[in-house]
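A.B. asks: Got a structure for you, written out below as structure tokens; questions coming shortly.
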There are 4 protein chains.
Amino acid sequence: MTKYFFDTEVRGYELDSYGHVNNAVYISYTEQARWKILKDAGLLESFLNKDLLLVVTETNIRYMRELKLFDRIKVETTINLEAPYVVFSHNVLNESTGFKSAKAIVKTLLIDKEKIPQDIPDKLLSIIN
Amino acid sequence: MTKYFFDTEVRGYELDSYGHVNNAVYISYTEQARWKILKDAGLLESFLNKDLLLVVTETNIRYMRELKLFDRIKVETTINLEAPYVVFSHNVLNESTGFKSAKAIVKTLLIDKEKIPQDIPDKLLSIIN
Amino acid sequence: MTKYFFDTEVRGYELDSYGHVNNAVYISYTEQARWKILKDAGLLESFLNKDLLLVVTETNIRYMRELKLFDRIKVETTINLEAPYVVFSHNVLNESTGFKSAKAIVKTLLIDKEKIPQDIPDKLLSIIN
Amino acid sequence: MTKYFFDTEVRGYELDSYGHVNNAVYISYTEQARWKILKDAGLLESFLNKDLLLVVTETNIRYMRELKLFDRIKVETTINLEAPYVVFSHNVLNESTGFKSAKAIVKTLLIDKEKIPQDIPDKLLSIIN
């Protein structure tokens, strides 16, 4: 199963009053991991023109360890087709500590501007599995 | 089962490039609903001093309908104790349309500064169920 | 000079690791104050269709006092026309303490989708001064 | 005058409903540029312990060109001492287009937990100018 990677580093403004990364920010990390996959598949243009939109219908995320300022993060992603859903499995890995920080399953649906579900384009199909 | 309420209105900076509320923002709405419950239970001081921290260990959220600018939102919350977890069930209701927009189950753990799980204080117990 | 008001309350996820409202969040408060003015002037439709866009070209903000969780905020706004710019002067007032927390001058330019500066529509003119 | 650099790439969740980077996000980019400078100066520990806090007292930012998804950004920073203020001058450069996107002057004050202004530590002095 092909793995896709998005690297980032924890930023000061991503910390909350507890001094660790706020739980909503993890969701944003996984969103950017998906944007990067779409770009690398050559699909960015269709998404920016809004011919296609990949909307999130469900997210299940388990938080395992906190993230601190300047921790180096790798979001590791695999993709499954559960028609009509495209399901992304993300691991948020903390490379500064070697521990997994969170895992998330994000179910998405491909629609057009009129919110009609669309067939998965070949460019996206080719990177699934 | 007692219901708690947090009201808000969709703000311009909460929209993403699709023109609707970004999926991570829903997570923030539910977070604020929980802060309000803690405040109303008279627990804010302990949380700001970090004698107590309510950390999220798991979030399951289903997105049902999109939210648009200036939609009036009511987050309706109930609380269960599944020791040692305090589990919040949130409905994100769109009062401008009358539809439910999302539902989320957020599992939290009460810890202290040293990350030791803590007994649920009476003030919090009294508002559960 | 007419004053416009936007009320909010500091949310838990708006705090940074210093335990007070992050400096970028003030910018978002003033942005929402402007969205509300556009809505109240009956201009929201044109802005959502992107027939009109009010883009920020310059922001000067002075931070005077910090804001804490659940502080009640009133953003007080006046508007000046300095053609071709529409200039918003915002005071961020902390009603929980009675002190002014920040003041901001935000210079904006009205453009269309092709980034061509547009005449100020009568609906907007009528609420300036 | 020494220049410091912070590199980033525009993320999908940083776009607003206009499809470009929201004005508040630029403020966050410059904040992270400053966090990186503190870290590289060996000052992170003191800041995380809150022995020292660098609070923003004023920001002047001019927006020159919009930023789009996946644009590669370099924030170039110089630092001046205008006692008691430490003043950061940031250029937000778009390396994907070759154009400057924004410039910001951010005035900061070094305080301790009790909000007493502090002498600039040697580690910070040594990287100014």
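Naming scheme: A, B, ... for chains in displayed order of the structure tokens; residues 1 onward per chain; ligands 1 onward as shown.
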Using only C-alpha atoms, determine which residues of chain B fall within 6 Å of chain D; present them as an NGL selection string.
C.D. replies: :B and (15-17 or 19)
A.B. asks: Please build the interface table for range 21-63 of chain B against range 81-96 of chain B with a cut-off of 12 Å, listing for each qualifying residue the nearest atom pair and the distance in Å to one decimal; count only C-alpha atoms, order rows by chain and increasing number, and write it as CSV.
C.D. replies:
```
residue,atom,partner,partner_atom,distance
B:Val25,CA,B:Val92,CA,11.5
B:Tyr26,CA,B:Val92,CA,8.0
B:Ile27,CA,B:His90,CA,10.1
B:Ser28,CA,B:Val92,CA,11.5
B:Tyr29,CA,B:Val92,CA,8.4
B:Thr30,CA,B:His90,CA,6.7
B:Glu31,CA,B:His90,CA,9.9
B:Gln32,CA,B:His90,CA,11.2
B:Ala33,CA,B:His90,CA,8.5
B:Arg34,CA,B:Phe88,CA,8.0
B:Trp35,CA,B:Phe88,CA,11.7
B:Ile37,CA,B:Phe88,CA,10.5
B:Leu54,CA,B:Val86,CA,8.7
B:Val55,CA,B:Val86,CA,9.9
B:Val56,CA,B:Val87,CA,9.5
B:Thr57,CA,B:Tyr85,CA,8.9
B:Glu58,CA,B:Val87,CA,9.4
B:Thr59,CA,B:Phe88,CA,9.6
B:Asn60,CA,B:Ser89,CA,9.7
B:Ile61,CA,B:His90,CA,9.1
B:Arg62,CA,B:Asn91,CA,9.9
B:Tyr63,CA,B:Val92,CA,9.3
```
A.B. asks: Just the selected residues (C-alpha atoms), exported as a short mmCIF file (atom, residue, chain, number, x, y, z; two decimals), in the first residue's frame, please.
C.D. replies:
```cif
data_model
loop_
_atom_site.label_atom_id
_atom_site.label_comp_id
_atom_site.auth_asym_id
_atom_site.auth_seq_id
_atom_site.Cartn_x
_atom_site.Cartn_y
_atom_site.Cartn_z
CA VAL B 25 -13.44 25.00 12.78
CA TYR B 26 -16.26 22.66 13.89
CA ILE B 27 -13.75 21.09 16.28
CA SER B 28 -13.06 24.55 17.69
CA TYR B 29 -16.79 25.26 18.12
CA THR B 30 -17.13 22.09 20.22
CA GLU B 31 -14.01 23.02 22.21
CA GLN B 32 -15.54 26.35 23.14
CA ALA B 33 -18.80 24.59 24.12
CA ARG B 34 -16.72 22.56 26.61
CA TRP B 35 -14.89 25.65 27.96
CA ILE B 37 -19.48 24.19 30.51
CA LEU B 54 -9.16 18.23 30.33
CA VAL B 55 -7.30 16.73 27.39
CA VAL B 56 -8.99 15.33 24.31
CA THR B 57 -8.06 11.68 23.66
CA GLU B 58 -10.46 10.95 20.81
CA THR B 59 -12.84 12.79 18.50
CA ASN B 60 -15.39 11.24 16.16
CA ILE B 61 -17.20 13.82 14.04
CA ARG B 62 -19.72 13.38 11.24
CA TYR B 63 -20.29 16.32 8.91
#
```
A.B. asks: Do a neighbour search on range 123-128 of chain B at 8 Å with only C-alpha atoms, toss out local chain neighbours closer than 4 positions, and write the hits as an MDAnalysis selection string.
C.D. replies: chainID B and resid 2 38 41:43 78:81
A.B. asks: Would you please give, as a compact mmCIF listing (two decimals) with N, CA and C atoms, in the first residue's frame, all residues of chain B that DSSP assigns to strand (DSSP E) based on the backbone?
C.D. replies:
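To be explicit, this is the file written out as part-v6.txt:
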```txt
# COMPACT_ATOMS: atom_id res chain seq x y z
N TYR B 4 -26.47 21.27 27.51
CA TYR B 4 -25.77 22.55 27.65
C TYR B 4 -25.68 23.18 26.26
N PHE B 5 -25.67 24.51 26.20
CA PHE B 5 -25.75 25.19 24.92
C PHE B 5 -24.66 26.26 24.76
N PHE B 6 -24.09 26.30 23.57
CA PHE B 6 -23.18 27.38 23.21
C PHE B 6 -23.65 27.94 21.86
N ASP B 7 -23.87 29.24 21.81
CA ASP B 7 -24.36 29.89 20.59
C ASP B 7 -23.25 30.68 19.92
N THR B 8 -23.21 30.61 18.60
CA THR B 8 -22.25 31.42 17.86
C THR B 8 -22.83 31.70 16.48
N GLU B 9 -22.10 32.46 15.70
CA GLU B 9 -22.54 32.82 14.36
C GLU B 9 -21.32 32.66 13.47
N LEU B 53 -6.39 19.74 33.83
CA LEU B 53 -6.45 19.90 32.38
C LEU B 53 -7.37 18.81 31.83
N LEU B 54 -8.26 19.20 30.95
CA LEU B 54 -9.16 18.23 30.33
C LEU B 54 -8.63 18.02 28.92
N VAL B 55 -7.90 16.93 28.70
CA VAL B 55 -7.30 16.73 27.39
C VAL B 55 -8.15 15.80 26.53
N VAL B 56 -8.21 16.12 25.25
CA VAL B 56 -8.99 15.33 24.31
C VAL B 56 -8.18 14.09 23.92
N THR B 57 -8.77 12.91 24.06
CA THR B 57 -8.06 11.68 23.66
C THR B 57 -8.63 11.10 22.37
N GLU B 58 -9.86 11.48 22.04
CA GLU B 58 -10.46 10.95 20.81
C GLU B 58 -11.61 11.84 20.36
N THR B 59 -11.71 12.04 19.06
CA THR B 59 -12.84 12.79 18.50
C THR B 59 -13.39 12.03 17.31
N ASN B 60 -14.70 11.80 17.33
CA ASN B 60 -15.39 11.24 16.16
C ASN B 60 -16.41 12.27 15.72
N ILE B 61 -16.27 12.78 14.50
CA ILE B 61 -17.20 13.82 14.04
C ILE B 61 -17.74 13.46 12.67
N ARG B 62 -19.08 13.59 12.54
CA ARG B 62 -19.72 13.38 11.24
C ARG B 62 -20.26 14.71 10.74
N TYR B 63 -19.86 15.07 9.53
CA TYR B 63 -20.29 16.32 8.91
C TYR B 63 -21.50 16.04 8.05
N ARG B 72 -26.52 31.06 12.03
CA ARG B 72 -26.57 31.04 13.50
C ARG B 72 -26.48 29.60 13.98
N ILE B 73 -25.50 29.35 14.84
CA ILE B 73 -25.17 27.99 15.28
C ILE B 73 -25.49 27.82 16.75
N LYS B 74 -26.07 26.68 17.08
CA LYS B 74 -26.23 26.29 18.48
C LYS B 74 -25.54 24.94 18.66
N VAL B 75 -24.53 24.92 19.55
CA VAL B 75 -23.89 23.63 19.87
C VAL B 75 -24.57 23.12 21.14
N GLU B 76 -25.21 21.95 20.99
CA GLU B 76 -25.97 21.33 22.07
C GLU B 76 -25.14 20.18 22.60
N THR B 77 -24.90 20.15 23.90
CA THR B 77 -23.96 19.18 24.47
C THR B 77 -24.57 18.39 25.62
N THR B 78 -24.31 17.09 25.64
CA THR B 78 -24.60 16.27 26.84
C THR B 78 -23.28 15.62 27.27
N ILE B 79 -23.23 15.22 28.54
CA ILE B 79 -21.98 14.69 29.09
C ILE B 79 -22.23 13.34 29.75
N ASN B 80 -21.34 12.38 29.49
CA ASN B 80 -21.37 11.07 30.14
C ASN B 80 -20.05 10.79 30.83
N LEU B 81 -20.12 10.08 31.92
CA LEU B 81 -18.91 9.61 32.56
C LEU B 81 -18.70 8.16 32.14
N GLU B 82 -17.60 7.86 31.49
CA GLU B 82 -17.20 6.48 31.20
C GLU B 82 -15.81 6.34 31.79
N TYR B 85 -12.90 8.29 31.60
CA TYR B 85 -13.14 9.31 30.58
C TYR B 85 -14.40 10.13 30.84
N VAL B 86 -14.34 11.41 30.50
CA VAL B 86 -15.54 12.26 30.45
C VAL B 86 -15.84 12.44 28.97
N VAL B 87 -17.04 12.02 28.57
CA VAL B 87 -17.37 11.98 27.15
C VAL B 87 -18.44 13.02 26.83
N PHE B 88 -18.12 13.89 25.89
CA PHE B 88 -19.04 14.96 25.48
C PHE B 88 -19.67 14.58 24.15
N SER B 89 -20.99 14.68 24.06
CA SER B 89 -21.69 14.47 22.79
C SER B 89 -22.23 15.83 22.33
N HIS B 90 -21.75 16.26 21.19
CA HIS B 90 -22.12 17.59 20.68
C HIS B 90 -22.96 17.46 19.41
N ASN B 91 -24.05 18.20 19.34
CA ASN B 91 -24.75 18.40 18.08
C ASN B 91 -24.53 19.84 17.64
N VAL B 92 -24.09 20.02 16.40
CA VAL B 92 -23.91 21.37 15.86
C VAL B 92 -25.14 21.67 15.02
N LEU B 93 -26.01 22.52 15.57
CA LEU B 93 -27.30 22.81 14.93
C LEU B 93 -27.24 24.14 14.22
N ASN B 94 -27.74 24.17 12.99
CA ASN B 94 -27.80 25.42 12.23
C ASN B 94 -29.19 26.01 12.40
N PHE B 99 -31.46 22.77 10.22
CA PHE B 99 -30.85 21.44 10.04
C PHE B 99 -29.68 21.21 10.99
N LYS B 100 -29.46 19.93 11.31
CA LYS B 100 -28.26 19.57 12.04
C LYS B 100 -27.10 19.58 11.05
N SER B 101 -25.99 20.19 11.45
CA SER B 101 -24.86 20.30 10.55
C SER B 101 -23.78 19.25 10.84
N ALA B 102 -23.65 18.88 12.11
CA ALA B 102 -22.62 17.88 12.46
C ALA B 102 -22.94 17.30 13.83
N LYS B 103 -22.41 16.11 14.08
CA LYS B 103 -22.45 15.56 15.43
C LYS B 103 -21.08 15.00 15.77
N ALA B 104 -20.68 15.23 17.02
CA ALA B 104 -19.33 14.85 17.42
C ALA B 104 -19.37 14.20 18.80
N ILE B 105 -18.56 13.15 18.96
CA ILE B 105 -18.34 12.54 20.27
C ILE B 105 -16.89 12.82 20.63
N VAL B 106 -16.68 13.48 21.75
CA VAL B 106 -15.32 13.88 22.15
C VAL B 106 -15.02 13.27 23.51
N LYS B 107 -14.01 12.40 23.52
CA LYS B 107 -13.61 11.70 24.74
C LYS B 107 -12.47 12.49 25.37
N THR B 108 -12.62 12.77 26.67
CA THR B 108 -11.57 13.56 27.33
C THR B 108 -11.11 12.86 28.61
N LEU B 109 -9.93 13.25 29.04
CA LEU B 109 -9.35 12.67 30.25
C LEU B 109 -8.90 13.84 31.13
N LEU B 110 -9.22 13.76 32.41
CA LEU B 110 -8.85 14.82 33.34
C LEU B 110 -7.49 14.47 33.96
N ILE B 111 -6.51 15.33 33.71
CA ILE B 111 -5.17 15.06 34.25
C ILE B 111 -4.66 16.30 34.99
```
A.B. asks: Figure out the distance between CA of Asp40 in chain D and CA of Lys68 in chain A, please, to one decimal in Å.
C.D. replies: 16.4 Å
A.B. asks: DSSP on the backbone: which residues in chain B end up as alpha helix (DSSP H)? Give the answer as a count of residues only.
C.D. replies: 27
